[in-house]
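A short write-up of the structure that comes next.
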Amino acid sequence: MDLSDVRKNIDRVDGEIRRLFVERMTLADQVACIKAKTEDKIYKPDREEIIIKKQTEGMKPELVREYTALIKRIMEVSRKYQYGRTLELRQCFPFEYTKVPAVILKPAMVREELYTCEDYSKDKVITVASYEEVADYIKEGKADAGIGIIEEVGIGVSDELHNLLAEKELYITHCKVQEDGGVRRKVVTFVDTLVVLPSHNRVKIMFECPNHSGSISSILSMISDYGVNLTEIHSRPFWKDNSWNYKFFAELNANIDTKEIRALLYQLSQETEYLKILGSYACEGDF
Ligand SMILES: C=C(O[C@@H]1C=C(C(=O)O)C=C[C@H]1O)C(=O)O
């Protein structure tokens with residue numbers, strides 16, 4: 001048998017896999033319809049464990065890892081499909097947002113960062129001593145937005161601002177890359193409601209990752225399955241339940257108000273430990 005004969009057989013097997021894949025996805029669709037009626041969860045890790053165990057029993061040991069990787073991937077795409085279908089079948093998108101732009105007349109910012117203010121007249125900006133105070137001013141209605149440096153080349157990301165957004169339920173609504181004497185930084189404007197406009201091309205999220213092998217890679221492949229480009233990702237440690245854990249912050253090149261991205265965020269909300277949206281915005285100057 002030469003290479004072309006073997007390839008003919010591979011093509012035949014691929015055809016069979018394709019037919020079986022379509023049949024399996026039809027079954028996944030039926031599962032999604034039943035679960036939508038009973039409002040049951042899509043992701044059933046116990047059932048997936050049982051499937052992997054059953055299907056790898058008696059298999060040649062050198063193929064067990066490869067087959068496990070394949071069946072896991074098949075179940076991941078089956079879940080992806082089910083999340084999309086579920087959002088069509090029932091209203092269960094777990095995040096609220098408005099499509100009305102924020103009106104910003106009185107932004108607040110930390111005094112030392114006032115030099116970065118380009119879009120508002122500096123004498124109209126309320127200056128305070130800390131990010132905490134910026135958040136208080138917004139919550140008390142004394143300011144309608146906050147402005148801060150979220151990243152700077154050569155320095156890194158601002159933990160303080162990321163944590164403030166997450167803890168105080170504030171959302172980035174605009175981002176601008178500034179170039180100033182060889183220094184490049186991203187300056188964001190944030191408000192107390194999640195606003196999603198058609199011009200937005202960035203979504204910032206924060207999630208905790210289950211502490212087991214492959215969990216971050218499965219989340220990243222989930223994002224890429226939706227055809228979404230990840231424009232930034234970083235992690236930060238935190239202490240929970242007497243152990244060392246990580247929070248991940250990621251920026252996606254996407255707009256929330258689309259069918260696919262709503263399905264992705266729904267899937268992430270169900271399959272990460274904790275998901276928060278930290279903003280929807282256009283990033284001016286970053287292409
Ligand atoms: C199809 C189901 O939903 C999900 C997908 C599975 C699969 O593709 O086999 C298995 C379990 C669930 O995580 C199900 O619950 O049976």
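Residues are named by chain letter and number: chains run A, B, ... in the order of the structure tokens, numbers start at 1 in each chain, and ligands are numbered from 1 in the order shown.
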
Give the strand (DSSP E) residues of range 3-225 of chain A, as DSSP finds them on the backbone, and put them as a JSON list (two decimals) with C-alpha atoms, in the first residue's frame.
```
[["chain", "number", "residue", "atom", "x", "y", "z"],
["A", 107, "PRO", "CA", -15.18, 63.16, 35.34],
["A", 108, "ALA", "CA", -13.02, 62.52, 38.41],
["A", 109, "MET", "CA", -9.42, 61.42, 38.50],
["A", 110, "VAL", "CA", -6.43, 61.02, 40.78],
["A", 126, "ILE", "CA", -12.64, 66.77, 39.77],
["A", 127, "THR", "CA", -9.28, 65.78, 41.22],
["A", 128, "VAL", "CA", -9.03, 63.52, 44.26],
["A", 145, "ALA", "CA", -17.11, 59.00, 35.28],
["A", 146, "GLY", "CA", -13.56, 58.22, 36.34],
["A", 147, "ILE", "CA", -10.37, 58.39, 34.29],
["A", 148, "GLY", "CA", -7.21, 56.38, 34.97],
["A", 149, "ILE", "CA", -4.09, 54.78, 33.50],
["A", 150, "ILE", "CA", -4.80, 51.07, 33.03],
["A", 151, "GLU", "CA", -1.54, 50.06, 31.30],
["A", 152, "GLU", "CA", 1.81, 51.58, 30.44],
["A", 156, "GLY", "CA", 2.74, 47.08, 33.11],
["A", 157, "VAL", "CA", -0.93, 46.84, 34.01],
["A", 171, "TYR", "CA", -17.12, 49.53, 33.70],
["A", 172, "ILE", "CA", -14.66, 50.89, 31.14],
["A", 173, "THR", "CA", -16.55, 52.78, 28.45],
["A", 174, "HIS", "CA", -13.64, 54.23, 26.49],
["A", 175, "CYS", "CA", -9.92, 53.57, 26.08],
["A", 176, "LYS", "CA", -7.25, 55.60, 24.35],
["A", 177, "VAL", "CA", -3.62, 54.85, 23.57],
["A", 178, "GLN", "CA", -1.57, 57.95, 24.37],
["A", 179, "GLU", "CA", 1.92, 58.61, 23.10],
["A", 180, "ASP", "CA", 3.81, 61.12, 25.15],
["A", 183, "VAL", "CA", 5.94, 56.72, 26.65],
["A", 184, "ARG", "CA", 2.88, 54.75, 25.52],
["A", 185, "ARG", "CA", -0.01, 54.26, 27.88],
["A", 186, "LYS", "CA", -3.68, 53.24, 27.79],
["A", 187, "VAL", "CA", -5.98, 55.67, 29.55],
["A", 188, "VAL", "CA", -9.53, 54.52, 30.28],
["A", 189, "THR", "CA", -12.78, 56.25, 31.16],
["A", 190, "PHE", "CA", -15.11, 54.24, 33.40],
["A", 191, "VAL", "CA", -18.74, 54.63, 34.53],
["A", 202, "ARG", "CA", -13.17, 45.48, 23.09],
["A", 203, "VAL", "CA", -14.59, 43.57, 26.06],
["A", 204, "LYS", "CA", -12.64, 43.31, 29.29],
["A", 205, "ILE", "CA", -13.41, 40.34, 31.53],
["A", 206, "MET", "CA", -12.14, 38.89, 34.79],
["A", 207, "PHE", "CA", -12.50, 35.25, 35.82],
["A", 208, "GLU", "CA", -11.18, 32.71, 38.26]]
```

Protein and nucleic residues near ligand 1, 6 Å, only C-alpha atoms and all ligand atoms, as a PDB file with C-alpha atoms, in the first residue's frame:
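Heads up, here's the output in pocket33.pdb:
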```pdb
ATOM      1  CA  ALA A  28     -26.627  17.737  21.386  1.00  0.00           C
ATOM      2  CA  VAL A  31     -30.255  17.789  24.774  1.00  0.00           C
ATOM      3  CA  ILE A  42     -25.451  22.694  30.012  1.00  0.00           C
ATOM      4  CA  TYR A  43     -22.119  21.642  31.517  1.00  0.00           C
ATOM      5  CA  LYS A  44     -22.163  18.263  33.296  1.00  0.00           C
ATOM      6  CA  PRO A  45     -18.536  17.428  34.203  1.00  0.00           C
ATOM      7  CA  ARG A  47     -21.302  12.882  32.787  1.00  0.00           C
ATOM      8  CA  GLU A  48     -18.241  13.856  30.709  1.00  0.00           C
ATOM      9  CA  MET A  75     -17.730  17.610  24.105  1.00  0.00           C
ATOM     10  CA  SER A  78     -21.051  20.223  21.723  1.00  0.00           C
ATOM     11  CA  ARG A  79     -21.349  22.546  24.751  1.00  0.00           C
TER      12      ARG A  79
END
```

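Proximity ranking of A:Leu170, A:Leu230, A:Met222, A:Leu194 relative to Asp257 in chain A places A:Leu194 first, based on only C-alpha atoms.
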
Write out, as a tab-separated table, each residue of range 130-238 of chain A that has an atom at most 6 Å from range 91-106 of chain A, together with the closest pair of atoms and their distance in Å to one decimal, counting only C-alpha atoms, rows going by chain and rising number.
```
residue	atom	partner	partner_atom	distance
A:Ala143	CA	A:Lys106	CA	5.2
A:Asp144	CA	A:Lys106	CA	5.6
A:Leu194	CA	A:Tyr97	CA	5.0
A:Val195	CA	A:Thr98	CA	4.9
A:Val196	CA	A:Lys99	CA	5.1
A:Leu197	CA	A:Lys99	CA	5.6
```
